[in-house]
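> Okay, so here is model-v4.txt, and as you'll see once you scroll down, it has compact mmCIF, C-alpha atoms and all ligand atoms.
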# COMPACT_ATOMS: atom_id res chain seq x y z
CA MET A 1353 5.11 -21.84 39.67
CA ARG A 1354 2.34 -19.34 40.50
CA ALA A 1355 1.65 -16.39 38.32
CA GLU A 1356 0.50 -12.86 39.04
CA GLY A 1357 -3.15 -12.62 40.09
CA GLY A 1358 -3.18 -16.09 41.68
CA GLY A 1359 -3.39 -19.47 39.98
CA PRO A 1360 -0.94 -21.15 37.65
CA PRO A 1361 0.35 -19.29 34.58
CA LEU A 1362 -2.05 -19.11 31.69
CA ALA A 1363 -0.32 -20.63 28.68
CA ILE A 1364 -1.13 -19.36 25.20
CA VAL A 1365 0.24 -21.51 22.40
CA GLY A 1366 0.21 -20.35 18.79
CA PHE A 1367 -0.28 -22.76 15.90
CA LEU A 1368 0.35 -22.08 12.26
CA GLY A 1369 -1.42 -24.76 10.29
CA ASP A 1370 -0.96 -27.96 12.24
CA GLU A 1371 2.25 -26.97 14.03
CA SER A 1372 3.16 -25.16 17.23
CA PHE A 1373 6.67 -23.85 17.63
CA GLY A 1374 9.44 -25.19 19.83
CA ARG A 1375 9.96 -27.41 22.85
CA ALA A 1376 8.55 -24.94 25.39
CA ALA A 1377 5.24 -24.82 23.52
CA ALA A 1378 5.07 -28.62 23.40
CA ALA A 1379 5.85 -28.77 27.14
CA ALA A 1380 3.10 -26.21 27.90
CA LEU A 1381 0.59 -28.35 26.01
CA ARG A 1382 1.67 -31.48 27.89
CA ALA A 1383 1.61 -29.71 31.28
CA ALA A 1384 -1.89 -28.31 30.79
CA ASP A 1385 -4.97 -29.83 32.46
CA VAL A 1386 -7.22 -28.38 29.77
CA VAL A 1387 -6.51 -27.05 26.30
CA MET A 1388 -9.08 -24.57 25.01
CA GLY A 1389 -9.51 -23.29 21.50
CA ILE A 1390 -11.61 -23.19 18.35
CA GLY A 1391 -12.13 -26.44 16.45
CA ARG A 1392 -9.64 -25.65 13.66
CA LEU A 1393 -6.83 -25.19 16.18
CA LEU A 1394 -7.82 -28.11 18.41
CA ASP A 1395 -7.70 -30.42 15.39
CA ALA A 1396 -3.98 -29.69 15.14
CA LEU A 1397 -3.24 -31.04 18.66
CA PRO A 1398 -0.88 -34.00 18.93
CA ALA A 1399 -2.64 -37.25 19.91
CA ASP A 1400 -1.24 -37.32 23.46
CA VAL A 1401 -2.82 -33.94 24.24
CA ALA A 1402 -6.05 -34.24 22.26
CA GLY A 1403 -7.94 -35.71 25.23
CA LYS A 1404 -7.65 -32.39 27.13
CA ARG A 1405 -9.54 -30.40 24.54
CA ILE A 1406 -12.40 -28.06 25.29
CA GLU A 1407 -13.86 -26.52 22.18
CA VAL A 1408 -14.97 -22.89 22.37
CA ALA A 1409 -16.91 -21.04 19.71
CA GLY A 1410 -18.38 -17.92 21.31
CA PRO A 1411 -16.88 -14.48 21.90
CA LEU A 1412 -13.33 -14.33 23.25
CA ALA A 1413 -14.51 -12.67 26.48
CA GLU A 1414 -16.60 -15.78 27.28
CA THR A 1415 -13.64 -18.06 26.63
CA LEU A 1416 -11.49 -16.00 28.96
CA GLU A 1417 -14.16 -16.14 31.71
CA LEU A 1418 -14.29 -19.91 31.38
CA ALA A 1419 -10.50 -20.02 31.60
CA ALA A 1420 -10.60 -17.76 34.69
CA GLU A 1421 -13.12 -20.00 36.46
CA ARG A 1422 -11.12 -23.16 35.84
CA ARG A 1423 -7.85 -21.48 36.68
CA ALA A 1424 -9.34 -20.34 40.01
CA LEU A 1425 -9.88 -24.04 40.77
CA GLY A 1426 -6.13 -24.55 40.29
CA GLU A 1427 -6.28 -26.04 36.81
CA ARG A 1428 -3.48 -25.31 34.35
CA ILE A 1429 -5.07 -23.78 31.28
CA CYS A 1430 -3.63 -23.63 27.81
CA LEU A 1431 -5.34 -21.44 25.22
CA LEU A 1432 -4.71 -22.07 21.54
CA ALA A 1433 -4.24 -19.19 19.15
CA SER A 1434 -3.33 -18.73 15.52
CA GLY A 1435 0.19 -17.72 14.55
CA ASP A 1436 1.75 -15.23 16.93
CA PRO A 1437 -0.91 -14.58 19.61
CA GLY A 1438 0.69 -11.18 20.31
CA PHE A 1439 0.13 -10.01 16.73
CA PHE A 1440 -3.54 -9.15 16.06
CA GLY A 1441 -4.26 -11.97 18.52
CA ILE A 1442 -5.59 -12.80 21.97
CA VAL A 1443 -2.65 -11.52 24.03
CA ARG A 1444 -4.06 -7.98 23.98
CA VAL A 1445 -7.35 -9.00 25.62
CA ALA A 1446 -5.88 -11.76 27.79
CA SER A 1447 -3.24 -9.49 29.33
CA ALA A 1448 -5.91 -6.86 30.05
CA ARG A 1449 -8.02 -9.55 31.76
CA PHE A 1450 -5.34 -11.49 33.67
CA GLY A 1451 -2.32 -9.15 33.74
CA ALA A 1452 0.71 -9.55 31.49
CA GLY A 1453 2.61 -11.36 34.25
CA ALA A 1454 0.03 -14.16 34.33
CA LEU A 1455 0.66 -15.11 30.71
CA GLU A 1456 3.14 -17.57 29.27
CA VAL A 1457 3.08 -16.98 25.52
CA HIS A 1458 4.50 -19.44 22.99
CA PRO A 1459 4.17 -17.90 19.54
CA ALA A 1460 4.28 -19.74 16.22
CA PRO A 1461 5.42 -17.73 13.19
CA SER A 1462 2.79 -15.18 12.28
CA SER A 1463 0.72 -15.88 9.19
CA VAL A 1464 2.01 -12.55 7.87
CA ALA A 1465 5.66 -13.58 8.26
CA MET A 1466 4.86 -16.89 6.61
CA ALA A 1467 2.96 -15.23 3.74
CA PHE A 1468 5.89 -12.96 2.90
CA ALA A 1469 8.22 -15.94 3.19
CA ARG A 1470 6.09 -17.93 0.74
CA ALA A 1471 6.10 -14.94 -1.64
CA GLY A 1472 9.90 -14.64 -1.30
CA LEU A 1473 9.63 -11.02 -0.16
CA HIS A 1474 11.15 -9.06 2.71
CA TRP A 1475 8.57 -7.29 4.83
CA ASP A 1476 10.35 -4.87 7.14
CA ASP A 1477 8.85 -2.09 5.00
CA ALA A 1478 5.32 -3.52 4.87
CA VAL A 1479 2.14 -2.21 6.47
CA VAL A 1480 -0.22 -4.78 8.02
CA VAL A 1481 -3.97 -4.16 7.91
CA SER A 1482 -6.63 -6.32 9.54
CA ALA A 1483 -10.09 -6.71 8.05
CA HIS A 1484 -11.42 -8.37 11.22
CA GLY A 1485 -14.46 -6.90 12.94
CA ARG A 1486 -14.64 -3.73 10.87
CA PRO A 1487 -16.19 -2.58 7.60
CA LEU A 1488 -14.07 -3.56 4.61
CA ALA A 1489 -14.14 0.06 3.43
CA ALA A 1490 -12.18 1.09 6.54
CA ALA A 1491 -9.51 -1.53 5.84
CA VAL A 1492 -9.37 -0.42 2.19
CA GLU A 1493 -8.76 3.20 3.24
CA GLU A 1494 -5.72 2.00 5.17
CA VAL A 1495 -4.46 -0.11 2.29
CA LEU A 1496 -4.60 2.51 -0.48
CA PRO A 1497 -1.68 4.81 0.42
CA TRP A 1498 0.97 2.13 0.91
CA PRO A 1499 3.20 0.38 -1.62
CA LYS A 1500 3.42 -2.90 0.28
CA VAL A 1501 0.58 -4.18 2.45
CA ALA A 1502 -0.48 -7.45 4.04
CA VAL A 1503 -4.20 -7.77 4.72
CA LEU A 1504 -5.53 -10.26 7.25
CA THR A 1505 -8.85 -11.34 5.78
CA ALA A 1506 -11.78 -12.39 7.95
CA PRO A 1507 -14.20 -15.33 7.59
CA ASP A 1508 -16.99 -12.95 6.49
CA GLN A 1509 -14.64 -10.84 4.35
CA PRO A 1510 -12.67 -13.28 2.18
CA PRO A 1511 -9.92 -12.24 -0.27
CA GLU A 1512 -12.33 -11.81 -3.19
CA ALA A 1513 -14.45 -9.35 -1.15
CA LEU A 1514 -11.29 -7.36 -0.48
CA GLY A 1515 -10.52 -7.39 -4.21
CA ARG A 1516 -13.97 -6.05 -5.09
CA ALA A 1517 -13.77 -3.36 -2.42
CA LEU A 1518 -10.34 -2.26 -3.68
CA LEU A 1519 -11.60 -2.01 -7.27
CA ASP A 1520 -14.69 -0.10 -6.09
CA ALA A 1521 -12.42 2.34 -4.25
CA GLY A 1522 -10.50 2.94 -7.49
CA CYS A 1523 -7.29 1.29 -6.31
CA GLY A 1524 -4.52 1.45 -8.91
CA PRO A 1525 -2.65 -1.64 -10.20
CA ARG A 1526 -1.31 -4.04 -7.61
CA ARG A 1527 0.66 -7.28 -7.68
CA VAL A 1528 -1.37 -9.63 -5.52
CA THR A 1529 -0.34 -12.79 -3.69
CA VAL A 1530 -3.08 -14.67 -1.85
CA CYS A 1531 -1.65 -16.98 0.81
CA ALA A 1532 -4.44 -19.23 2.02
CA ARG A 1533 -4.44 -21.92 4.74
CA LEU A 1534 -0.73 -21.56 5.39
CA GLY A 1535 0.82 -24.59 7.04
CA HIS A 1536 -2.20 -26.77 6.30
CA ASP A 1537 -2.12 -29.67 3.86
CA ASP A 1538 -4.23 -27.67 1.41
CA GLU A 1539 -2.10 -24.51 1.61
CA ALA A 1540 -2.51 -22.44 -1.58
CA VAL A 1541 -0.39 -19.51 -2.76
CA THR A 1542 -1.87 -17.66 -5.75
CA ARG A 1543 -0.21 -14.81 -7.64
CA THR A 1544 -2.63 -12.58 -9.50
CA ASP A 1545 -3.77 -8.96 -9.95
CA LEU A 1546 -6.73 -7.00 -8.56
CA ASP A 1547 -9.14 -8.32 -11.19
CA GLY A 1548 -8.05 -11.88 -10.46
CA LEU A 1549 -8.41 -11.24 -6.73
CA ALA A 1550 -11.94 -9.86 -7.14
CA ALA A 1551 -13.03 -12.66 -9.46
CA GLY A 1552 -11.47 -15.52 -7.51
CA ALA A 1553 -12.82 -17.92 -4.90
CA PHE A 1554 -10.31 -18.25 -2.07
CA ALA A 1555 -10.31 -19.82 1.39
CA PRO A 1556 -11.15 -17.03 3.85
CA LEU A 1557 -8.25 -18.05 6.15
CA ALA A 1558 -5.76 -16.04 4.18
CA VAL A 1559 -3.27 -13.23 4.08
CA VAL A 1560 -3.40 -11.07 0.95
CA LEU A 1561 -0.19 -9.31 -0.07
CA LEU A 1562 -0.55 -6.19 -2.21
CA GLU A 1563 2.37 -4.47 -3.90
CA VAL A 1564 2.41 -1.40 -6.11
CA PRO A 1565 4.45 -2.35 -9.18
CA GLY A 1566 7.63 -0.31 -9.44
CA ALA A 1567 7.16 1.46 -6.09
CA LEU A 1568 10.20 2.61 -4.20
CA ASP A 1569 11.51 0.23 -1.60
CA ALA A 1570 11.28 2.26 1.59
CA SER A 1571 14.06 0.30 3.30
CA GLY A 1572 16.91 -1.02 1.22
CA GLY A 1573 16.22 0.43 -2.22
CA PRO A 1574 16.89 3.87 -3.59
CA THR A 1575 15.95 6.63 -1.21
CA LEU A 1576 12.97 8.85 -2.04
CA ALA A 1577 14.21 10.42 -5.22
CA TRP A 1578 12.67 12.72 -7.79
CA GLY A 1579 13.97 15.00 -10.48
CA LEU A 1580 15.90 12.00 -11.81
CA PRO A 1581 18.24 12.62 -14.75
CA ASP A 1582 16.47 13.12 -18.08
CA HIS A 1583 18.30 10.19 -19.67
CA ARG A 1584 16.40 7.83 -17.36
CA TYR A 1585 13.36 8.38 -19.59
CA ALA A 1586 13.13 7.60 -23.29
CA HIS A 1587 12.07 10.88 -24.90
CA ARG A 1588 11.71 12.62 -28.24
CA ALA A 1589 14.64 15.04 -28.77
CA GLY A 1590 14.48 17.07 -25.57
CA MET A 1591 10.71 16.63 -25.06
CA VAL A 1592 10.95 15.75 -21.39
CA THR A 1593 10.20 17.97 -18.41
CA LYS A 1594 13.78 18.71 -17.40
CA ALA A 1595 14.98 17.15 -14.17
CA GLU A 1596 15.27 20.41 -12.21
CA VAL A 1597 11.95 21.78 -13.48
CA ARG A 1598 10.35 18.42 -12.69
CA ALA A 1599 11.65 18.65 -9.14
CA VAL A 1600 10.02 22.08 -8.71
CA ALA A 1601 6.76 20.93 -10.32
CA LEU A 1602 6.57 17.88 -8.05
CA GLY A 1603 7.02 20.11 -5.03
CA LYS A 1604 4.23 22.40 -6.16
CA LEU A 1605 1.96 19.39 -6.75
CA ALA A 1606 2.03 18.65 -2.97
CA LEU A 1607 1.09 15.04 -3.70
CA PRO A 1608 -1.64 13.56 -1.50
CA GLY A 1609 -1.40 9.93 -0.30
CA THR A 1610 -4.47 8.85 -2.25
CA GLY A 1611 -6.64 10.19 -5.06
CA VAL A 1612 -6.30 10.73 -8.79
CA LEU A 1613 -3.56 12.51 -10.73
CA TRP A 1614 -3.58 13.33 -14.43
CA ASP A 1615 -0.36 14.06 -16.34
CA VAL A 1616 -1.79 15.71 -19.45
CA GLY A 1617 0.48 15.89 -22.47
CA ALA A 1618 2.69 13.43 -20.64
CA GLY A 1619 5.36 13.07 -23.36
CA SER A 1620 7.96 10.77 -21.83
CA GLY A 1621 5.80 10.34 -18.71
CA SER A 1622 8.63 11.42 -16.41
CA VAL A 1623 6.30 13.44 -14.16
CA ALA A 1624 3.68 10.66 -14.01
CA VAL A 1625 6.30 8.04 -13.18
CA GLU A 1626 7.85 10.10 -10.38
CA CYS A 1627 4.43 10.97 -8.92
CA SER A 1628 3.51 7.30 -8.89
CA ARG A 1629 6.81 6.36 -7.22
CA LEU A 1630 6.50 9.05 -4.56
CA ALA A 1631 2.80 8.51 -3.83
CA PRO A 1632 1.97 4.88 -4.64
CA GLY A 1633 -1.57 5.32 -3.32
CA LEU A 1634 -2.37 7.73 -6.17
CA ARG A 1635 -4.06 6.54 -9.35
CA VAL A 1636 -1.91 8.15 -12.00
CA PHE A 1637 -3.13 8.62 -15.60
CA ALA A 1638 -0.68 9.78 -18.28
CA VAL A 1639 -2.46 11.27 -21.29
CA GLU A 1640 -0.65 11.62 -24.62
CA ARG A 1641 -1.87 12.10 -28.18
CA ARG A 1642 1.22 11.48 -30.37
CA PRO A 1643 1.49 7.79 -31.24
CA ASP A 1644 5.32 7.80 -31.11
CA ASP A 1645 5.28 9.46 -27.68
CA VAL A 1646 2.62 7.02 -26.48
CA GLU A 1647 4.97 4.21 -27.42
CA ARG A 1648 7.83 5.73 -25.40
CA LEU A 1649 5.40 6.47 -22.59
CA ARG A 1650 4.43 2.82 -22.45
CA GLU A 1651 8.09 1.85 -22.33
CA ASN A 1652 8.89 4.34 -19.54
CA THR A 1653 5.93 3.26 -17.42
CA ILE A 1654 6.52 -0.50 -17.58
CA GLY A 1655 6.49 -1.87 -14.05
CA THR A 1656 4.93 1.29 -12.59
CA GLY A 1657 1.35 1.93 -11.52
CA VAL A 1658 0.85 4.57 -14.26
CA VAL A 1659 -2.10 4.06 -16.62
CA VAL A 1660 -1.33 5.27 -20.16
CA VAL A 1661 -4.22 7.04 -21.91
CA ASP A 1662 -3.82 7.28 -25.67
CA GLY A 1663 -5.76 10.27 -27.01
CA GLU A 1664 -6.19 14.01 -27.28
CA ALA A 1665 -7.07 16.28 -24.37
CA PRO A 1666 -9.57 17.63 -23.52
CA ASP A 1667 -11.82 15.06 -25.28
CA VAL A 1668 -10.14 11.96 -23.88
CA LEU A 1669 -10.34 13.31 -20.31
CA ALA A 1670 -14.09 12.61 -20.30
CA GLY A 1671 -13.37 8.92 -19.64
CA LEU A 1672 -11.17 9.53 -16.58
CA PRO A 1673 -12.15 9.92 -12.92
CA ASP A 1674 -12.06 13.53 -11.64
CA PRO A 1675 -8.54 14.52 -10.58
CA ASP A 1676 -7.15 15.76 -7.26
CA ARG A 1677 -3.95 16.84 -8.98
CA VAL A 1678 -3.15 17.69 -12.59
CA PHE A 1679 0.19 18.30 -14.22
CA LEU A 1680 0.02 20.09 -17.56
CA GLY A 1681 3.22 20.04 -19.54
CA GLY A 1682 2.17 23.04 -21.61
CA GLY A 1683 -0.66 23.07 -24.13
CA GLY A 1684 -3.34 25.61 -24.85
CA LEU A 1685 -5.38 27.47 -22.27
CA ASN A 1686 -8.52 25.57 -23.34
CA VAL A 1687 -6.97 22.44 -21.82
CA LEU A 1688 -6.25 24.35 -18.60
CA GLU A 1689 -9.88 25.47 -18.46
CA SER A 1690 -11.21 21.97 -19.03
CA VAL A 1691 -9.05 20.43 -16.30
CA LEU A 1692 -10.08 23.18 -13.88
CA ASP A 1693 -13.72 22.29 -14.63
CA ARG A 1694 -13.06 18.72 -13.55
CA LEU A 1695 -10.73 19.40 -10.59
CA ARG A 1696 -12.03 18.05 -7.29
CA PRO A 1697 -12.49 20.39 -4.33
CA GLY A 1698 -9.12 21.19 -2.74
CA GLY A 1699 -7.34 20.07 -5.92
CA LEU A 1700 -4.30 21.62 -7.55
CA VAL A 1701 -3.10 22.14 -11.10
CA VAL A 1702 0.57 22.65 -11.90
CA ALA A 1703 1.40 23.75 -15.44
CA THR A 1704 4.71 24.51 -17.14
CA TYR A 1705 5.12 26.92 -20.06
CA VAL A 1706 7.92 28.22 -22.19
CA ALA A 1707 5.83 30.87 -23.97
CA LEU A 1708 5.50 34.10 -22.00
CA ASP A 1709 1.95 34.93 -23.05
CA ARG A 1710 0.57 31.51 -22.10
CA ALA A 1711 2.46 31.55 -18.80
CA ALA A 1712 1.10 34.99 -17.93
CA ALA A 1713 -2.47 33.93 -18.72
CA ALA A 1714 -2.13 30.67 -16.75
CA ALA A 1715 -0.58 32.50 -13.78
CA THR A 1716 -3.48 34.94 -13.76
CA ARG A 1717 -5.95 32.05 -13.85
CA LEU A 1718 -4.18 29.83 -11.27
CA GLY A 1719 -2.76 32.45 -8.93
CA SER A 1720 0.90 31.49 -8.57
CA MET A 1721 3.95 31.36 -10.80
CA VAL A 1722 7.69 30.88 -10.50
CA HIS A 1723 10.31 31.34 -13.20
CA VAL A 1724 12.81 28.48 -13.22
CA ALA A 1725 16.09 29.30 -14.93
CA VAL A 1726 18.56 26.46 -14.72
CA SER A 1727 22.18 26.40 -15.80
CA ARG A 1728 23.89 23.07 -15.66
CA GLY A 1729 27.62 22.71 -15.02
CA VAL A 1730 29.27 21.05 -18.03
CA PRO A 1731 32.95 20.30 -18.73
CA LEU A 1732 34.93 23.15 -20.27
CA GLY A 1733 37.04 21.45 -22.91
CA GLY A 1734 39.42 18.89 -21.47
CA SER A 1735 40.65 21.17 -18.67
CA GLY A 1736 38.57 19.59 -15.90
CA ALA A 1737 36.93 22.97 -15.28
CA LEU A 1738 33.18 23.54 -15.57
CA ARG A 1739 31.21 26.14 -17.48
CA LEU A 1740 27.51 26.89 -17.13
CA ALA A 1741 25.21 25.80 -19.94
CA ALA A 1742 21.83 27.49 -19.72
CA GLU A 1743 18.64 25.50 -20.17
CA ASN A 1744 15.54 27.14 -21.63
CA PRO A 1745 13.81 29.10 -18.84
CA VAL A 1746 10.46 27.62 -17.86
CA PHE A 1747 7.49 29.15 -16.05
CA VAL A 1748 5.85 26.91 -13.46
CA CYS A 1749 2.30 28.04 -12.67
CA TRP A 1750 0.12 26.50 -9.97
CA GLY A 1751 -3.19 26.92 -8.23
CA PRO A 1752 -5.98 27.62 -7.67
CA THR A 1753 -4.13 29.51 -4.95
CA PRO A 1754 -6.14 29.39 -1.71
CA GLY A 1755 -7.98 32.53 -0.69
CA PRO A 1756 -7.33 34.13 2.73
CA ASP A 1757 -10.06 31.99 4.37
CA ASP A 1758 -8.80 28.72 2.93
CA ALA A 1759 -6.94 26.59 5.50
CA ARG A 1760 -4.76 24.80 2.95
C1 LIG A 1801 -7.13 -12.60 14.17
S1 LIG A 1801 -5.87 -12.75 12.96
C2 LIG A 1801 -4.63 -13.51 13.86
C3 LIG A 1801 -3.24 -13.37 13.26
C4 LIG A 1801 -2.30 -14.27 13.97
N1 LIG A 1801 -2.06 -13.83 15.31
C5 LIG A 1801 -0.96 -14.43 13.25
O1 LIG A 1801 0.07 -14.00 13.78
O2 LIG A 1801 -0.97 -15.03 12.17
C6 LIG A 1801 -6.51 -14.07 12.02
C7 LIG A 1801 -6.11 -13.94 10.58
O3 LIG A 1801 -4.77 -14.41 10.40
C8 LIG A 1801 -4.65 -14.98 9.12
N2 LIG A 1801 -4.27 -16.38 9.27
C9 LIG A 1801 -4.21 -17.09 10.42
N3 LIG A 1801 -3.80 -18.34 10.17
C10 LIG A 1801 -3.59 -18.42 8.85
C11 LIG A 1801 -3.16 -19.45 7.99
N4 LIG A 1801 -2.87 -20.66 8.44
N5 LIG A 1801 -3.05 -19.17 6.66
C12 LIG A 1801 -3.34 -17.94 6.20
N6 LIG A 1801 -3.76 -16.95 6.97
C13 LIG A 1801 -3.89 -17.18 8.27
C14 LIG A 1801 -5.99 -14.83 8.45
O4 LIG A 1801 -6.00 -13.60 7.77
C15 LIG A 1801 -6.92 -14.78 9.63
O5 LIG A 1801 -8.14 -14.21 9.31
Is it possible to express this structure as structure tokens?
Ligand SMILES: C[S@@+](CC[C@H](N)C(=O)[O-])C[C@H]1O[C@@H](n2cnc3c(N)ncnc32)[C@H](O)[C@@H]1O


Amino acid sequence: MRAEGGGPPLAIVGFLGDESFGRAAAAALRAADVVMGIGRLLDALPADVAGKRIEVAGPLAETLELAAERRALGERICLLASGDPGFFGIVRVASARFGAGALEVHPAPSSVAMAFARAGLHWDDAVVVSAHGRPLAAAVEEVLPWPKVAVLTAPDQPPEALGRALLDAGCGPRRVTVCARLGHDDEAVTRTDLDGLAAGAFAPLAVVLLEVPGALDASGGPTLAWGLPDHRYAHRAGMVTKAEVRAVALGKLALPGTGVLWDVGAGSGSVAVECSRLAPGLRVFAVERRPDDVERLRENTIGTGVVVVDGEAPDVLAGLPDPDRVFLGGGGLNVLESVLDRLRPGGLVVATYVALDRAAAAATRLGSMVHVAVSRGVPLGGSGALRLAAENPVFVCWGPTPGPDDAR
């Protein structure tokens, strides 16, 4: 068989650990005149093929030129690759060089598929980020907004370097699974957190899985949901931002994908929890001063990425990173002033008030206000009919409202 561009087909066989996948891959190895690859992959060759090995170490372009020269002489070339060569692998460059029709690709399972399999997780909702050939900071930027990410680490950027870069970037809590040397005899799967990742010493040939605890499952789980019923949160007699008001406040917060959010006077933490679920890339801090509320707050935030801060605003805010978003569940205007002092450029504060005078002052300071009056339908006796039961009206204030020249 002759392939496009002249010469026999160029076989590319993927290996994961010391195994290729399937009979066609084994046949391609046997049929080849030469088998080219890096030492780690060549070492996995079966004994009857090992004699055909040509070790390459330089840039991929040089390897492909060598393959082209030998192929032009009529030799059948087989290139070795790791995992699925079409997934962050050599197929991209090889098809540009030889034409897609010249290639005969035999993938092994991708290291990413295998990593999620080892972790016992589905991954149709995961984002894959490569740290190869780019600054780690660029990979970290891509990691931060997503609840479930697999990172392909590089020899010069091992898992622990990724961990340090994530901590430096202020990444919130993550469940971490480091899957190193998959398919090799010394395969190691380590479950840890970001601190453990940063402090560890892992083989650089690894896939690092990062999950935001408690994040929504974008595929099979509950759909994006906010304004959940009040009873979902343990709270002190009615001291919870009511579901419908919470829904409005979350809308006004216009949550960014990354950054810092403070929920000040968090009470039950319902706003913090829903912000963290909707925008898992945010670092969410829930600040509360009453010890009994702090206890409930801790309970409500178990398994989420929310960090509970036990103390009184504004003093305790000094220890937190500057916010991009702040939710204020009431409180005095001095707290509003102190969060505005710390707000990052382009940031937003959303505050709810029951008292008219405070709401009016906050609306004047922030620029925007809406009055939310909710009546819930409740059963009227045993008749099956509904009557309206009015909730306390709440003022939702937000801003700073952009001026006419502001693009936001
Ligand atoms: C250039 S990418 C190639 C990905 C490959 N095409 C695949 O589908 O697995 C190389 C990266 O894949 C990951 N990788 C490849 N083989 C691995 C293995 N046996 N165990 C863990 N990670 C592996 C590592 O992150 C490595 O740095």

> Give me, as a count of residues only, the set of residues whose atoms come within 8 Å of any atom of ligand LIG 1801 (chain A), counting all atoms listed in the file.

40

> Just want the 9 Å neighbourhood of A:Leu1397, counted on only C-alpha atoms, with same-chain residues fewer than 4 positions away dropped. Output as an MDAnalysis selection string.

chainID A and resid 1370:1372 1381 1393 1401:1402 1405

> So what do you get for atom CA of A:Ala1595 versus atom CA of A:Ala1737, distance-wise?

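Separation of atom CA of A:Ala1595 and atom CA of A:Ala1737: 22.7 Å.
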
> Would you work out the distance separating atom CA of A:Ser1720 from atom CA of A:Asp1615, expressed in Å to one decimal?

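Interatomic distance here is 19.1 Å.
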
> Would you work out the distance separating atom CA of A:Ala1577 from atom CA of A:Val1616, expressed in Å to one decimal?

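A separation of 22.1 Å between them.
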
> Please list as a list in words every residue within 9 Å of A:Arg1717, counting only C-alpha atoms and excluding residues in the same chain fewer than 5 positions away.

Glu1689, Ala1712, Gly1751 and Pro1752 of chain A

> Which is closer to A:Ile1429 than all the others in A:Ala1551, A:Val1480, A:Ala1448, A:Met1388, using only C-alpha atoms?

A:Met1388

> Quick one: everything within 9 Å of A:Val1726, counting all atoms listed in the file, minus sequence neighbours fewer than 4 positions away in the same chain. Send it as a PDB file with C-alpha atoms, in the coordinates of the input.


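Output (result_39.pdb):
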ATOM      1  CA  GLU A1596      15.270  20.410 -12.210  1.00  0.00           C
ATOM      2  CA  VAL A1597      11.950  21.780 -13.480  1.00  0.00           C
ATOM      3  CA  ALA A1741      25.210  25.800 -19.940  1.00  0.00           C
ATOM      4  CA  ALA A1742      21.830  27.490 -19.720  1.00  0.00           C
ATOM      5  CA  GLU A1743      18.640  25.500 -20.170  1.00  0.00           C
ATOM      6  CA  ASN A1744      15.540  27.140 -21.630  1.00  0.00           C
ATOM      7  CA  PRO A1745      13.810  29.100 -18.840  1.00  0.00           C
ATOM      8  CA  VAL A1746      10.460  27.620 -17.860  1.00  0.00           C
TER       9      VAL A1746
END

> Quick one: contact table of stretch 1398-1516 of chain A to stretch 1632-1639 of chain A, 7 Å max, nearest atom pair and distance in Å to one decimal per residue, counting only C-alpha atoms, chain and number order, as a Markdown table?


| residue | atom | partner | partner_atom | distance |
| --- | --- | --- | --- | --- |
| A:Leu1496 | CA | A:Gly1633 | CA | 5.0 |
| A:Pro1497 | CA | A:Gly1633 | CA | 3.8 |
| A:Trp1498 | CA | A:Gly1633 | CA | 5.9 |
| A:Pro1499 | CA | A:Pro1632 | CA | 5.6 |

> Quick one: of A:Gly1684, A:Leu1605, A:Ala1502, A:Arg1696, who's nearest to A:Asp1709, counting all atoms listed in the file?

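Answer, going by the shortest atom-to-atom distance: A:Gly1684.
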
> Rank A:His1587, A:Arg1677, A:Arg1449, A:Arg1598 by their smallest atom-to-atom distance to A:Glu1651, using all atoms listed in the file, and report the top residue only.

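For A:Glu1651, the nearest of the candidates is A:His1587.
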
> From the set A:Glu1563, A:Glu1640, A:Glu1407, A:Asp1400, which residue has the shortest atom-to-atom contact distance to A:Gly1655, counting all atoms listed in the file?

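Of all the options, A:Glu1563 lies closest to A:Gly1655.
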
> Which one of A:Gly1663, A:Asp1582, A:Leu1669, A:Pro1360 sits closest to A:Glu1626 if you count all atoms listed in the file?

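Closest residue, counting all atoms listed in the file: A:Asp1582.
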
> Pick out the closest residue to A:Leu1518 from this set: A:Val1365, A:Ala1490, A:Ala1586, A:Val1730. Count only C-alpha atoms.

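Among A:Val1365, A:Ala1490, A:Ala1586, A:Val1730, it is A:Ala1490 that comes nearest to A:Leu1518.
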
> May I have the residues at most 12 Å from (-13.5, 20.9, -13.3) in the file's coordinates, counting all atoms listed in the file, as a ChimeraX atom specification?

/A:1666,1669-1670,1673-1678,1687-1701,1752
